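**Student:** Below is the file structure_25.pdb, which contains PDB, C-alpha atoms.
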```
ATOM      1  CA  MET A   1     -36.325  27.929  26.680
ATOM      2  CA  LYS A   2     -36.824  27.871  22.914
ATOM      3  CA  LYS A   3     -33.416  29.505  22.480
ATOM      4  CA  VAL A   4     -31.677  26.766  24.506
ATOM      5  CA  TYR A   5     -33.532  24.091  22.537
ATOM      6  CA  LEU A   6     -32.510  25.719  19.228
ATOM      7  CA  ILE A   7     -28.852  25.916  20.323
ATOM      8  CA  PHE A   8     -28.979  22.261  21.359
ATOM      9  CA  ILE A   9     -30.352  21.243  17.934
ATOM     10  CA  VAL A  10     -27.678  23.265  16.121
ATOM     11  CA  ILE A  11     -24.914  21.632  18.187
ATOM     12  CA  VAL A  12     -26.307  18.155  17.506
ATOM     13  CA  LEU A  13     -26.497  18.853  13.756
ATOM     14  CA  VAL A  14     -22.906  20.145  13.721
ATOM     15  CA  LEU A  15     -21.715  17.011  15.544
ATOM     16  CA  ILE A  16     -23.571  14.785  13.088
ATOM     17  CA  ALA A  17     -22.044  16.654  10.133
ATOM     18  CA  CYS A  18     -18.553  16.352  11.626
ATOM     19  CA  GLY A  19     -19.044  12.626  12.246
ATOM     20  CA  ALA A  20     -20.176  12.100   8.665
ATOM     21  CA  GLY A  21     -17.134  14.005   7.401
ATOM     22  CA  ILE A  22     -14.803  11.847   9.477
ATOM     23  CA  LEU A  23     -16.415   8.651   8.167
ATOM     24  CA  ILE A  24     -16.095   9.833   4.559
ATOM     25  CA  ALA A  25     -12.434  10.683   5.153
ATOM     26  CA  LEU A  26     -11.799   7.230   6.637
ATOM     27  CA  PHE A  27     -13.436   5.465   3.705
ATOM     28  CA  HIS A  28     -11.455   7.620   1.266
ATOM     29  CA  ALA A  29      -8.209   6.832   3.113
ATOM     30  CA  ASN A  30      -9.002   3.117   2.856
ATOM     31  CA  ASP A  31      -9.489   3.474  -0.923
ATOM     32  CA  GLU A  32      -5.976   4.924  -1.162
ATOM     33  CA  MET A  33      -4.629   1.881   0.700
ATOM     34  CA  ILE A  34      -5.918  -0.526  -1.978
ATOM     35  CA  ARG A  35      -4.264  -0.810  -5.378
ATOM     36  CA  LYS A  36      -5.923  -2.861  -8.125
ATOM     37  CA  VAL A  37      -4.048  -4.553 -10.968
ATOM     38  CA  GLU A  38      -5.628  -6.312 -13.949
ATOM     39  CA  LEU A  39      -3.418  -9.023 -15.455
ATOM     40  CA  GLU A  40      -3.247  -9.506 -19.212
ATOM     41  CA  SER A  41      -5.127 -12.569 -20.445
ATOM     42  CA  GLU A  42      -2.145 -13.576 -22.579
ATOM     43  CA  GLY A  43       1.554 -13.020 -22.013
ATOM     44  CA  ASN A  44       3.213 -11.076 -19.232
ATOM     45  CA  THR A  45       2.057  -8.026 -17.295
ATOM     46  CA  GLU A  46       4.080  -5.232 -15.720
ATOM     47  CA  ARG A  47       2.468  -2.459 -13.679
ATOM     48  CA  GLU A  48       3.995   0.406 -11.710
ATOM     49  CA  LEU A  49       2.285   1.377  -8.457
ATOM     50  CA  ALA A  50       3.281   4.798  -7.107
ATOM     51  CA  PHE A  51       4.043   5.154  -3.401
ATOM     52  CA  SER A  52       5.116   8.083  -1.298
ATOM     53  CA  ALA A  53       6.561   7.673   2.176
ATOM     54  CA  GLU A  54       6.557  10.809   4.291
ATOM     55  CA  ASN A  55       6.483  11.622   7.984
ATOM     56  CA  PHE A  56       7.638   8.205   9.126
ATOM     57  CA  LEU A  57       8.692   7.947  12.741
ATOM     58  CA  PRO A  58      10.561   5.033  14.330
ATOM     59  CA  GLY A  59       8.071   2.209  14.837
ATOM     60  CA  ASP A  60       5.618   3.498  12.190
ATOM     61  CA  VAL A  61       3.991   1.016   9.815
ATOM     62  CA  ARG A  62       2.054   1.655   6.590
ATOM     63  CA  GLU A  63       0.130  -1.184   5.006
ATOM     64  CA  TYR A  64      -1.395  -1.436   1.548
ATOM     65  CA  THR A  65      -3.304  -4.131  -0.285
ATOM     66  CA  VAL A  66      -2.586  -4.954  -3.920
ATOM     67  CA  VAL A  67      -5.477  -6.845  -5.504
ATOM     68  CA  VAL A  68      -4.504  -8.774  -8.646
ATOM     69  CA  HIS A  69      -7.343  -9.863 -10.933
ATOM     70  CA  CYS A  70      -7.305 -11.994 -14.069
ATOM     71  CA  GLU A  71     -10.211 -12.982 -16.298
ATOM     72  CA  LYS A  72      -8.274 -15.945 -17.689
ATOM     73  CA  GLY A  73      -6.806 -17.673 -14.655
ATOM     74  CA  GLY A  74      -3.736 -19.813 -14.383
ATOM     75  CA  GLU A  75      -0.399 -20.194 -12.621
ATOM     76  CA  PHE A  76       1.613 -16.987 -12.280
ATOM     77  CA  ARG A  77       5.029 -15.930 -11.009
ATOM     78  CA  ILE A  78       4.380 -12.484  -9.512
ATOM     79  CA  SER A  79       7.401 -10.479  -8.433
ATOM     80  CA  PHE A  80       7.973  -7.051  -6.920
ATOM     81  CA  THR A  81      10.886  -4.633  -7.336
ATOM     82  CA  CYS A  82      11.255  -0.853  -6.917
ATOM     83  CA  ARG A  83      12.140   2.080  -9.133
ATOM     84  CA  SER A  84      12.924   5.508  -7.806
ATOM     85  CA  VAL A  85      10.824   8.471  -8.918
ATOM     86  CA  LYS A  86      13.308  10.927  -7.441
ATOM     87  CA  GLU A  87      16.172  10.696  -4.994
ATOM     88  CA  SER A  88      14.896   8.646  -2.086
ATOM     89  CA  GLU A  89      16.110   9.634   1.349
ATOM     90  CA  LEU A  90      14.188   7.009   3.350
ATOM     91  CA  GLN A  91      15.170   3.904   1.415
ATOM     92  CA  ASN A  92      17.986   3.127   3.865
ATOM     93  CA  TYR A  93      15.633   3.296   6.859
ATOM     94  CA  LEU A  94      12.555   1.310   5.800
ATOM     95  CA  THR A  95      11.914  -2.400   5.595
ATOM     96  CA  VAL A  96       9.325  -3.893   3.258
ATOM     97  CA  GLU A  97       7.278  -7.007   3.872
ATOM     98  CA  ILE A  98       5.153  -8.419   1.065
ATOM     99  CA  GLY A  99       2.820 -11.313   1.657
ATOM    100  CA  CYS A 100       0.294 -13.438  -0.169
ATOM    101  CA  GLY A 101      -1.715 -15.880   1.904
ATOM    102  CA  GLU A 102       0.590 -17.501   4.438
ATOM    103  CA  VAL A 103       3.790 -16.631   2.538
ATOM    104  CA  ARG A 104       5.584 -13.476   3.717
ATOM    105  CA  LYS A 105       8.907 -12.082   2.525
ATOM    106  CA  GLN A 106      10.820  -9.181   4.066
ATOM    107  CA  VAL A 107      13.682  -7.087   2.722
ATOM    108  CA  ALA A 108      15.180  -3.619   3.173
ATOM    109  CA  LEU A 109      13.664  -1.054   0.817
ATOM    110  CA  ALA A 110      17.197  -0.187  -0.308
ATOM    111  CA  ASP A 111      17.609  -3.800  -1.503
ATOM    112  CA  LEU A 112      14.453  -3.531  -3.639
ATOM    113  CA  PHE A 113      15.942  -0.366  -5.161
ATOM    114  CA  GLY A 114      19.183  -2.297  -5.700
ATOM    115  CA  GLY A 115      17.523  -4.927  -7.876
ATOM    116  CA  VAL A 116      16.372  -7.539  -5.363
ATOM    117  CA  SER A 117      13.042  -9.054  -6.373
ATOM    118  CA  LEU A 118      10.434 -10.639  -4.103
ATOM    119  CA  GLY A 119       8.642 -13.391  -6.024
ATOM    120  CA  PHE A 120       5.509 -15.435  -5.385
ATOM    121  CA  ASP A 121       4.039 -18.404  -7.242
ATOM    122  CA  VAL A 122       0.280 -17.884  -7.311
ATOM    123  CA  ALA A 123      -2.652 -19.767  -8.829
ATOM    124  CA  ILE A 124      -5.577 -17.547  -9.816
ATOM    125  CA  GLN A 125      -8.884 -19.041 -10.941
ATOM    126  CA  ASP A 126     -10.778 -17.596 -13.935
ATOM    127  CA  GLY A 127     -12.183 -14.205 -12.938
ATOM    128  CA  ALA A 128     -10.744 -14.439  -9.414
ATOM    129  CA  THR A 129      -8.247 -12.328  -7.485
ATOM    130  CA  ALA A 130      -5.119 -12.739  -5.395
ATOM    131  CA  GLU A 131      -4.343 -10.254  -2.626
ATOM    132  CA  PHE A 132      -0.888  -9.089  -1.646
ATOM    133  CA  THR A 133      -0.171  -7.155   1.531
ATOM    134  CA  VAL A 134       2.608  -4.595   1.174
ATOM    135  CA  ARG A 135       3.866  -3.338   4.527
ATOM    136  CA  TYR A 136       6.462  -0.604   5.030
ATOM    137  CA  GLU A 137       8.007  -0.222   8.471
ATOM    138  CA  MET A 138      10.593   2.002  10.081
ATOM    139  CA  PRO A 139      12.283   0.001  12.835
ATOM    140  CA  VAL A 140      12.176   1.507  16.329
ATOM    141  CA  THR A 141      15.983   1.466  16.348
ATOM    142  CA  VAL A 142      16.214   4.201  13.687
ATOM    143  CA  GLY A 143      17.385   7.465  15.183
ATOM    144  CA  ASN A 144      16.853  11.135  14.420
ATOM    145  CA  GLU A 145      18.802  10.963  11.166
ATOM    146  CA  ALA A 146      15.645   9.762   9.359
ATOM    147  CA  GLN A 147      13.374  12.583  10.504
ATOM    148  CA  GLY A 148      11.961  14.720   7.710
ATOM    149  CA  LYS A 149      13.183  12.407   4.944
ATOM    150  CA  THR A 150      10.912  11.145   2.168
ATOM    151  CA  ALA A 151      10.748   8.364  -0.391
ATOM    152  CA  ASP A 152       8.800   8.559  -3.646
ATOM    153  CA  PHE A 153       9.045   5.372  -5.649
ATOM    154  CA  LEU A 154       7.300   2.917  -7.923
ATOM    155  CA  LEU A 155       6.625  -0.590  -6.710
ATOM    156  CA  VAL A 156       6.895  -2.620  -9.906
ATOM    157  CA  LEU A 157       4.653  -5.691 -10.137
ATOM    158  CA  SER A 158       5.633  -8.183 -12.850
ATOM    159  CA  ALA A 159       3.418 -11.179 -13.574
ATOM    160  CA  GLN A 160       4.581 -14.025 -15.790
ATOM    161  CA  ARG A 161       2.262 -16.807 -16.810
ATOM    162  CA  MET A 162       3.914 -20.147 -16.013
TER     163      MET A 162
END
```
Can you turn what I pasted into structure tokens?

**Tutor:**
Amino acid sequence: MKKVYLIFIVIVLVLIACGAGILIALFHANDEMIRKVELESEGNTERELAFSAENFLPGDVREYTVVVHCEKGGEFRISFTCRSVKESELQNYLTVEIGCGEVRKQVALADLFGGVSLGFDVAIQDGATAEFTVRYEMPVTVGNEAQGKTADFLLVLSAQRM
């Protein structure tokens, strides 16, 4: 009887350890989904945020949050473009939606690589933040030609004080 009880305790401890490991992994994954940017108190700010898109399947969505903070608040024009890190194979298959508050703008990733800029006029109070949602999606209509392709790129955030 003691042997059965001991085996039961060992199994319970293993399950608890596995559960804790899964929770830690989930919290770590959430940290990777949040990018923080500190704006310069004076002048303009430009920051490059690295992204890697791999293993996308039709209908897949990846969502990130970009938190913009500024000690000296004000009115800003914040815009997003893309720069390639290496040859991007997925850029022709993904759409990008960037939003702040109720305002959402969507464009093909290839257009962001081609120089299109998504801009937002944002007021940030002293010491406050503004949150942007960056959402990458592969439409369900994309066929097998996109399988196994990747995209490594920099999402470029530019903030100009107005």

**Student:** Given only C-alpha atoms as the basis, pick out the residue of A:Val122, A:Ala151, A:Val37, A:Val142 nearest to A:Asp60.

**Tutor:**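 Closest candidate: A:Val142.
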
**Student:** Check the smallest atom-to-atom distance from each of A:Lys149, A:Arg62, A:Arg161, A:Lys2 to A:Glu89 using only C-alpha atoms, then report the winner.

**Tutor:**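 For A:Glu89, the nearest of the given residues is A:Lys149.
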
**Student:** Tell me, as an NGL selection string, which residues lie within 6 Å of A:Ala159, counting only C-alpha atoms; anything in the same chain fewer than 6 positions away does not count.

**Tutor:** :A and (44-45 or 77-78)

**Student:** To verify the selection step, state as a list in words which residues the PyMOL selection byres ((chain A and resi 124-134) around 7) yields on this input.

**Tutor:**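 Checked against the file, the PyMOL selection byres ((chain A and resi 124-134) around 7) matches Glu63, Tyr64, Thr65, Val66, Val67, Val68, His69, Cys70, Glu71, Lys72, Gly73, Gly74, Glu75, Glu97, Ile98, Gly99, Cys100, Val122, Ala123, Arg135 and Tyr136 of chain A.
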
**Student:** Those residues you just picked out, can you put them in a file as a short mmCIF file (atom, residue, chain, number, x, y, z; two decimals), in the coordinates of the input with C-alpha atoms?

**Tutor:**
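Contents of the output file result.cif:
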```cif
data_model
loop_
_atom_site.label_atom_id
_atom_site.label_comp_id
_atom_site.auth_asym_id
_atom_site.auth_seq_id
_atom_site.Cartn_x
_atom_site.Cartn_y
_atom_site.Cartn_z
CA GLU A 63 0.13 -1.18 5.01
CA TYR A 64 -1.40 -1.44 1.55
CA THR A 65 -3.30 -4.13 -0.28
CA VAL A 66 -2.59 -4.95 -3.92
CA VAL A 67 -5.48 -6.84 -5.50
CA VAL A 68 -4.50 -8.77 -8.65
CA HIS A 69 -7.34 -9.86 -10.93
CA CYS A 70 -7.30 -11.99 -14.07
CA GLU A 71 -10.21 -12.98 -16.30
CA LYS A 72 -8.27 -15.94 -17.69
CA GLY A 73 -6.81 -17.67 -14.66
CA GLY A 74 -3.74 -19.81 -14.38
CA GLU A 75 -0.40 -20.19 -12.62
CA GLU A 97 7.28 -7.01 3.87
CA ILE A 98 5.15 -8.42 1.06
CA GLY A 99 2.82 -11.31 1.66
CA CYS A 100 0.29 -13.44 -0.17
CA VAL A 122 0.28 -17.88 -7.31
CA ALA A 123 -2.65 -19.77 -8.83
CA ARG A 135 3.87 -3.34 4.53
CA TYR A 136 6.46 -0.60 5.03
#
```

**Student:** With all atoms listed in the file as the basis for distance, which of A:Pro58, A:Gly101, A:Gly43, A:Gly119 is at the shortest distance from A:Pro139?

**Tutor:**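 Nearest candidate to A:Pro139 out of A:Pro58, A:Gly101, A:Gly43, A:Gly119: A:Pro58.
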
**Student:** Under the rule that only C-alpha atoms are counted, which of A:Leu90, A:Phe120, A:Thr141, A:Met33 is the nearest residue to A:Glu102?

**Tutor:** A:Phe120

**Student:** Could you work out an axis-aligned box for stretch 71-75 of chain A, taking every atom the file lists and adding 6 Å on each side, and report centre and edge lengths in Å to one decimal, as AutoDock Vina command-line options?

**Tutor:**
```
--center_x -5.3 --center_y -16.6 --center_z -15.2 --size_x 21.8 --size_y 19.2 --size_z 17.1
```

**Student:** Hey, what comes out of the PyMOL selection byres ((chain A and resi 54) around 12) on this file? Could you write it as a ChimeraX atom specification?

**Tutor:** /A:51-53,55-57,60-62,88-91,94,136-138,146-153

**Student:** Write the residues of the preceding selection, restricted to C-alpha atoms, as a PDB file, in the frame of the given file.

**Tutor:**
```
ATOM      1  CA  PHE A  51       4.043   5.154  -3.401  1.00  0.00           C
ATOM      2  CA  SER A  52       5.116   8.083  -1.298  1.00  0.00           C
ATOM      3  CA  ALA A  53       6.561   7.673   2.176  1.00  0.00           C
ATOM      4  CA  ASN A  55       6.483  11.622   7.984  1.00  0.00           C
ATOM      5  CA  PHE A  56       7.638   8.205   9.126  1.00  0.00           C
ATOM      6  CA  LEU A  57       8.692   7.947  12.741  1.00  0.00           C
ATOM      7  CA  ASP A  60       5.618   3.498  12.190  1.00  0.00           C
ATOM      8  CA  VAL A  61       3.991   1.016   9.815  1.00  0.00           C
ATOM      9  CA  ARG A  62       2.054   1.655   6.590  1.00  0.00           C
ATOM     10  CA  SER A  88      14.896   8.646  -2.086  1.00  0.00           C
ATOM     11  CA  GLU A  89      16.110   9.634   1.349  1.00  0.00           C
ATOM     12  CA  LEU A  90      14.188   7.009   3.350  1.00  0.00           C
ATOM     13  CA  GLN A  91      15.170   3.904   1.415  1.00  0.00           C
ATOM     14  CA  LEU A  94      12.555   1.310   5.800  1.00  0.00           C
ATOM     15  CA  TYR A 136       6.462  -0.604   5.030  1.00  0.00           C
ATOM     16  CA  GLU A 137       8.007  -0.222   8.471  1.00  0.00           C
ATOM     17  CA  MET A 138      10.593   2.002  10.081  1.00  0.00           C
ATOM     18  CA  ALA A 146      15.645   9.762   9.359  1.00  0.00           C
ATOM     19  CA  GLN A 147      13.374  12.583  10.504  1.00  0.00           C
ATOM     20  CA  GLY A 148      11.961  14.720   7.710  1.00  0.00           C
ATOM     21  CA  LYS A 149      13.183  12.407   4.944  1.00  0.00           C
ATOM     22  CA  THR A 150      10.912  11.145   2.168  1.00  0.00           C
ATOM     23  CA  ALA A 151      10.748   8.364  -0.391  1.00  0.00           C
ATOM     24  CA  ASP A 152       8.800   8.559  -3.646  1.00  0.00           C
ATOM     25  CA  PHE A 153       9.045   5.372  -5.649  1.00  0.00           C
TER      26      PHE A 153
END
```

**Student:** Please write the residues picked by the PyMOL selection byres ((chain A and resi 81-86) around 7) on this file as a PyMOL selection string.

**Tutor:** chain A and resi 79-80+87-88+112-113+115-118+152-157

**Student:** How many Å lie between atom CA of A:Tyr93 and atom CA of A:Ala110, rounded to one decimal?

**Tutor:**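 According to the coordinates, atom CA of A:Tyr93 and atom CA of A:Ala110 are separated by 8.1 Å.
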
**Student:** In Å to one decimal, how far is atom CA of A:Asp111 from atom CA of A:Asn144?

**Tutor:**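 About the pair atom CA of A:Asn144 and atom CA of A:Asp111: they are 21.8 Å apart.
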